[in-house]
file input.txt (compact mmCIF, C-alpha atoms)
# COMPACT_ATOMS: atom_id res chain seq x y z
CA MET X 1 8.59 -1.18 -23.76
CA LYS X 2 7.28 -4.16 -21.82
CA HIS X 3 4.84 -3.51 -19.01
CA ILE X 4 5.69 -4.61 -15.47
CA SER X 5 3.08 -4.63 -12.71
CA ILE X 6 4.30 -4.78 -9.13
CA LEU X 7 2.11 -5.71 -6.15
CA THR X 8 3.61 -4.61 -2.84
CA GLY X 9 2.62 -5.19 0.78
CA ALA X 10 3.87 -4.49 4.28
CA GLY X 11 7.08 -6.47 3.77
CA ILE X 12 8.64 -3.87 1.48
CA SER X 13 8.20 -1.06 4.02
CA ALA X 14 9.06 -3.07 7.14
CA GLU X 15 12.77 -2.62 6.46
CA SER X 16 12.28 1.14 6.52
CA GLY X 17 10.85 0.86 10.02
CA VAL X 18 7.16 1.05 9.15
CA LYS X 19 5.26 -1.27 11.46
CA THR X 20 3.24 -3.85 9.59
CA PHE X 21 -0.48 -3.21 9.43
CA ARG X 22 -1.31 -6.47 11.12
CA ASP X 23 1.29 -8.33 13.11
CA HIS X 24 1.18 -12.07 13.81
CA ASP X 25 -0.94 -11.38 16.90
CA GLY X 26 -3.60 -9.60 14.85
CA LEU X 27 -2.76 -6.22 16.39
CA TRP X 28 -1.59 -2.98 14.79
CA GLU X 29 0.75 -1.07 17.09
CA GLY X 30 -0.86 -2.88 20.02
CA HIS X 31 -4.42 -2.03 18.98
CA ASP X 32 -7.19 -4.34 17.86
CA VAL X 33 -7.73 -3.32 14.24
CA MET X 34 -11.47 -3.33 14.82
CA GLN X 35 -10.98 -0.42 17.26
CA VAL X 36 -9.01 1.75 14.85
CA ALA X 37 -9.79 0.61 11.30
CA THR X 38 -13.57 0.42 10.90
CA PRO X 39 -16.26 3.03 10.18
CA GLN X 40 -17.99 1.90 13.38
CA ALA X 41 -14.89 2.64 15.46
CA PHE X 42 -14.66 6.13 13.97
CA GLU X 43 -18.33 6.78 14.65
CA LYS X 44 -18.05 5.54 18.23
CA ASN X 45 -14.79 7.20 19.21
CA PRO X 46 -13.53 9.55 16.48
CA GLY X 47 -10.95 11.28 18.67
CA PHE X 48 -9.29 7.98 19.53
CA VAL X 49 -9.16 6.88 15.89
CA LEU X 50 -7.79 10.24 14.71
CA ASP X 51 -5.08 10.10 17.40
CA PHE X 52 -4.08 6.62 16.26
CA TYR X 53 -3.57 7.76 12.66
CA ASN X 54 -1.83 10.94 13.81
CA LYS X 55 0.79 8.77 15.50
CA ARG X 56 1.16 6.62 12.36
CA ARG X 57 1.55 9.76 10.25
CA GLN X 58 4.15 11.21 12.63
CA GLN X 59 6.11 7.95 12.50
CA LEU X 60 5.97 7.80 8.71
CA LEU X 61 7.63 11.21 8.54
CA THR X 62 10.64 9.80 10.43
CA VAL X 63 11.43 6.94 8.00
CA GLN X 64 12.91 6.83 4.51
CA PRO X 65 12.50 4.64 1.41
CA ASN X 66 14.82 1.64 1.44
CA LEU X 67 16.82 -0.08 -1.30
CA ALA X 68 13.81 -2.10 -2.45
CA HIS X 69 11.75 1.06 -3.08
CA GLN X 70 14.71 2.68 -4.82
CA ARG X 71 15.56 -0.26 -7.07
CA LEU X 72 11.97 -0.45 -8.36
CA VAL X 73 12.45 3.07 -9.71
CA ASP X 74 15.40 1.81 -11.77
CA LEU X 75 13.07 -0.52 -13.68
CA GLU X 76 11.47 2.55 -15.27
CA THR X 77 14.59 3.02 -17.41
CA GLN X 78 13.65 -0.02 -19.52
CA PHE X 79 10.01 -0.83 -18.70
CA ASN X 80 6.61 0.74 -18.26
CA VAL X 81 6.08 0.17 -14.54
CA ASP X 82 2.90 0.26 -12.47
CA ILE X 83 3.06 -0.26 -8.72
CA ILE X 84 -0.11 -1.41 -6.98
CA THR X 85 0.41 -1.24 -3.25
CA GLN X 86 -1.60 -2.36 -0.24
CA ASN X 87 0.49 0.03 1.88
CA VAL X 88 -0.80 3.40 3.03
CA ASP X 89 2.69 4.93 3.27
CA ASP X 90 4.19 7.19 0.59
CA LEU X 91 7.61 5.53 0.36
CA HIS X 92 7.20 4.47 -3.28
CA GLU X 93 6.49 8.07 -4.25
CA ARG X 94 9.34 9.43 -2.17
CA ALA X 95 11.71 6.96 -3.80
CA GLY X 96 10.68 8.32 -7.19
CA SER X 97 8.24 5.79 -8.67
CA SER X 98 6.03 7.63 -11.14
CA ARG X 99 2.89 5.44 -11.24
CA VAL X 100 1.61 4.19 -7.88
CA THR X 101 -1.92 2.97 -7.18
CA HIS X 102 -2.88 2.74 -3.49
CA LEU X 103 -5.51 0.06 -2.91
CA HIS X 104 -6.01 0.88 0.77
CA GLY X 105 -5.65 4.64 0.70
CA GLU X 106 -2.90 7.02 1.73
CA LEU X 107 -1.86 8.01 5.23
CA MET X 108 -0.56 11.40 4.07
CA LYS X 109 -4.00 12.38 2.79
CA VAL X 110 -7.37 13.03 4.41
CA ARG X 111 -10.85 13.26 2.97
CA SER X 112 -14.25 14.70 3.70
CA THR X 113 -16.85 12.61 5.52
CA PHE X 114 -19.43 14.46 3.42
CA ASP X 115 -17.91 13.92 -0.04
CA GLN X 116 -15.27 11.20 -0.36
CA GLY X 117 -14.08 12.83 -3.58
CA LEU X 118 -12.73 15.76 -1.55
CA ILE X 119 -9.20 14.60 -0.74
CA TYR X 120 -6.46 16.76 0.72
CA ASP X 121 -2.72 16.33 1.25
CA TRP X 122 -2.09 16.31 5.00
CA LYS X 123 1.15 16.08 7.00
CA ASP X 124 0.04 17.51 10.35
CA ASP X 125 -2.20 16.01 13.02
CA LEU X 126 -5.86 15.67 12.05
CA ASN X 127 -8.17 16.72 14.87
CA LEU X 128 -11.86 16.91 15.65
CA GLY X 129 -13.04 20.21 14.23
CA ASP X 130 -10.86 20.02 11.11
CA PHE X 131 -13.51 20.45 8.43
CA CYS X 132 -13.76 20.29 4.65
CA GLU X 133 -15.09 23.26 2.71
CA HIS X 134 -18.63 21.99 3.33
CA HIS X 135 -18.04 22.14 7.10
CA HIS X 136 -17.93 18.39 7.64
CA GLN X 137 -15.30 16.52 9.63
CA LEU X 138 -12.24 15.25 7.81
CA ARG X 139 -11.13 11.62 8.23
CA PRO X 140 -8.04 9.60 7.28
CA HIS X 141 -7.97 8.74 3.57
CA VAL X 142 -7.63 5.03 4.22
CA VAL X 143 -9.85 2.07 3.40
CA TRP X 144 -11.24 0.59 6.60
CA PHE X 145 -12.58 -2.92 7.13
CA GLY X 146 -16.06 -3.14 5.67
CA GLU X 147 -15.48 -0.34 3.14
CA ALA X 148 -15.24 -0.67 -0.62
CA VAL X 149 -11.82 -0.60 -2.29
CA PRO X 150 -12.32 2.17 -4.88
CA MET X 151 -9.05 1.60 -6.74
CA ILE X 152 -9.58 -2.12 -7.33
CA GLU X 153 -11.04 -1.63 -10.82
CA LYS X 154 -8.05 0.47 -11.88
CA ALA X 155 -5.74 -2.23 -10.50
CA ILE X 156 -7.59 -4.92 -12.46
CA ASP X 157 -7.22 -2.92 -15.67
CA ILE X 158 -3.48 -2.59 -15.04
CA LEU X 159 -3.06 -6.33 -14.42
CA LYS X 160 -4.96 -7.29 -17.58
CA GLN X 161 -2.30 -5.69 -19.77
CA THR X 162 0.86 -6.68 -17.92
CA ASP X 163 3.80 -8.62 -19.36
CA VAL X 164 5.55 -9.35 -16.06
CA LEU X 165 4.15 -9.54 -12.52
CA ILE X 166 6.27 -8.96 -9.41
CA ILE X 167 4.87 -9.56 -5.90
CA ILE X 168 6.83 -8.18 -2.96
CA GLY X 169 6.30 -8.50 0.76
CA THR X 170 2.70 -9.62 0.82
CA SER X 171 1.11 -12.97 1.59
CA MET X 172 -1.59 -12.35 -1.06
CA GLN X 173 -4.12 -13.75 1.41
CA VAL X 174 -6.29 -10.65 1.93
CA TYR X 175 -9.09 -10.03 -0.56
CA PRO X 176 -9.84 -8.28 -2.80
CA ALA X 177 -6.11 -7.63 -3.34
CA ALA X 178 -5.32 -11.36 -3.35
CA GLY X 179 -7.61 -11.88 -6.33
CA LEU X 180 -5.71 -9.46 -8.53
CA ILE X 181 -3.19 -12.09 -9.61
CA ASP X 182 -6.00 -13.90 -11.46
CA PHE X 183 -6.44 -10.97 -13.86
CA ALA X 184 -2.93 -11.16 -15.30
CA PRO X 185 -2.67 -13.01 -18.63
CA SER X 186 -2.10 -16.73 -18.02
CA SER X 187 1.32 -16.66 -19.66
CA THR X 188 2.62 -13.86 -17.43
CA PRO X 189 5.84 -14.75 -15.57
CA ILE X 190 5.47 -14.11 -11.83
CA TYR X 191 8.31 -13.20 -9.48
CA PHE X 192 7.47 -13.61 -5.78
CA ILE X 193 9.74 -11.96 -3.20
CA ASP X 194 8.98 -12.73 0.45
CA PRO X 195 10.96 -14.30 3.33
CA ASN X 196 8.18 -16.85 3.84
CA PRO X 197 6.47 -17.35 0.49
CA ASN X 198 3.19 -19.25 0.69
CA ILE X 199 3.41 -20.59 -2.85
CA SER X 200 5.81 -23.00 -4.50
CA ASP X 201 8.30 -22.58 -7.30
CA SER X 202 6.58 -23.78 -10.46
CA THR X 203 6.40 -23.14 -14.16
CA GLY X 204 6.01 -19.41 -14.56
CA VAL X 205 6.48 -18.67 -10.83
CA HIS X 206 9.96 -17.70 -9.63
CA LEU X 207 10.53 -17.44 -5.87
CA TYR X 208 12.97 -15.22 -4.03
CA ALA X 209 12.58 -16.44 -0.44
CA GLU X 210 14.27 -13.44 1.18
CA LYS X 211 13.63 -9.95 2.45
CA ALA X 212 12.59 -7.23 0.06
CA THR X 213 15.84 -5.28 -0.14
CA THR X 214 18.00 -8.22 -1.23
CA GLY X 215 15.36 -9.95 -3.33
CA VAL X 216 14.36 -6.82 -5.26
CA ASP X 217 17.99 -5.90 -5.89
CA LYS X 218 18.71 -9.36 -7.36
CA LEU X 219 15.60 -9.35 -9.53
CA VAL X 220 16.14 -5.83 -10.87
CA ARG X 221 19.72 -6.74 -11.81
CA LYS X 222 18.36 -9.74 -13.70
CA LEU X 223 15.61 -7.84 -15.50
CA LEU X 224 17.89 -4.95 -16.51
CA ALA X 225 20.76 -7.19 -17.65

call {"tool": "encode", "arguments": {"input": "input.txt", "output": "structure tokens"}}
result
Amino acid sequence: MKHISILTGAGISAESGVKTFRDHDGLWEGHDVMQVATPQAFEKNPGFVLDFYNKRRQQLLTVQPNLAHQRLVDLETQFNVDIITQNVDDLHERAGSSRVTHLHGELMKVRSTFDQGLIYDWKDDLNLGDFCEHHHQLRPHVVWFGEAVPMIEKAIDILKQTDVLIIIGTSMQVYPAAGLIDFAPSSTPIYFIDPNPNISDSTGVHLYAEKATTGVDKLVRKLLA
């Protein structure tokens, strides 16, 4: 079976009602990302940061995977599929995708501030005083600005052995994620699905200048034909 790697960003979840991480005004749900998505912000005002992620977690529980998430699952009938997502939501998993790598962490998990290898599933609010087994505060299991991206090496390994690359709902402007495309073999066909693609149709690059649900549906039909 051929191997398909899929890079997804905020655009695939926007149609489910998940607010994009960083809107055109640089804000996330009206907040400066530097106030809610940095280690310094958490150190300065941990209660405020925890409350912000609690609201994001509560909202995530109210939305469902959309057609784009669901159609990617269908590719697994004929291909080995790896999804590498910049999103912190769990919509790929809820849709049924079996191999999902989260570059920027997972909103439905928390981890210890003492040992980042201690990660717990978490659906409720996370509050000050919620400790790991070593009696240290828990924090959202997300990658904040200024932090390393621990899954980037795994993502690179996946891209090195891919036969087809699909990019959905991401500008591919934010590093290190944007650099992943360079690790795919040079002959790899690339399918780019985004309403406002920032690259041009060229040899080996096929554009679907539309929203994720319609673009993914068209591409999956083509690949499974």

call {"tool": "residues_around", "arguments": {"input": "input.txt", "residues": "X:Lys55", "least_positions_apart": "5", "cutoff": "9 Å", "atoms": "all atoms listed in the file", "output": "number ranges by chain"}}
result
X: 50, 60, 125

call {"tool": "atom_distance", "arguments": {"input": "input.txt", "atom1": "atom CA of X:Gln58", "atom2": "atom CA of X:Lys123"}}
result
8.0 Å

call {"tool": "atom_distance", "arguments": {"input": "input.txt", "atom1": "atom CA of X:Ala209", "atom2": "atom CA of X:Asp194"}}
result
5.2 Å

call {"tool": "atom_distance", "arguments": {"input": "input.txt", "atom1": "atom CA of X:Asn87", "atom2": "atom CA of X:Pro140"}}
result
13.9 Å

call {"tool": "closest_atom_pairs", "arguments": {"input": "input.txt", "of": "stretch 46-99 of chain X", "to": "stretch 148-155 of chain X", "cutoff": "10 Å", "atoms": "all atoms listed in the file", "output": "tab-separated table"}}
result
residue	atom	partner	partner_atom	distance
X:Asp82	CA	X:Ala155	CA	9.2
X:Ile83	CA	X:Ala155	CA	9.2
X:Ile84	CA	X:Ala155	CA	6.7
X:Thr85	CA	X:Ala155	CA	9.6

call {"tool": "closest_residue", "arguments": {"input": "input.txt", "among": "X:Phe192, X:Trp144, X:Phe131, X:Trp122", "to": "X:Leu61", "atoms": "only C-alpha atoms"}}
result
X:Trp122

call {"tool": "residues_around", "arguments": {"input": "input.txt", "residues": "X:Pro189", "least_positions_apart": "5", "cutoff": "8 Å", "atoms": "all atoms listed in the file", "output": "list in words"}}
result
Asp163, Val164, Leu165, Gly204, Val205 and His206 of chain X

call {"tool": "closest_residue", "arguments": {"input": "input.txt", "among": "X:Thr38, X:Asp74, X:Asp115, X:Ala184", "to": "X:Ile158", "atoms": "all atoms listed in the file"}}
result
X:Ala184

call {"tool": "residues_around", "arguments": {"input": "input.txt", "residues": "X:Phe52", "least_positions_apart": "2", "cutoff": "10 Å", "atoms": "all atoms listed in the file", "output": "PyMOL selection string"}}
result
chain X and resi 29+31+35-37+46-50+54-57
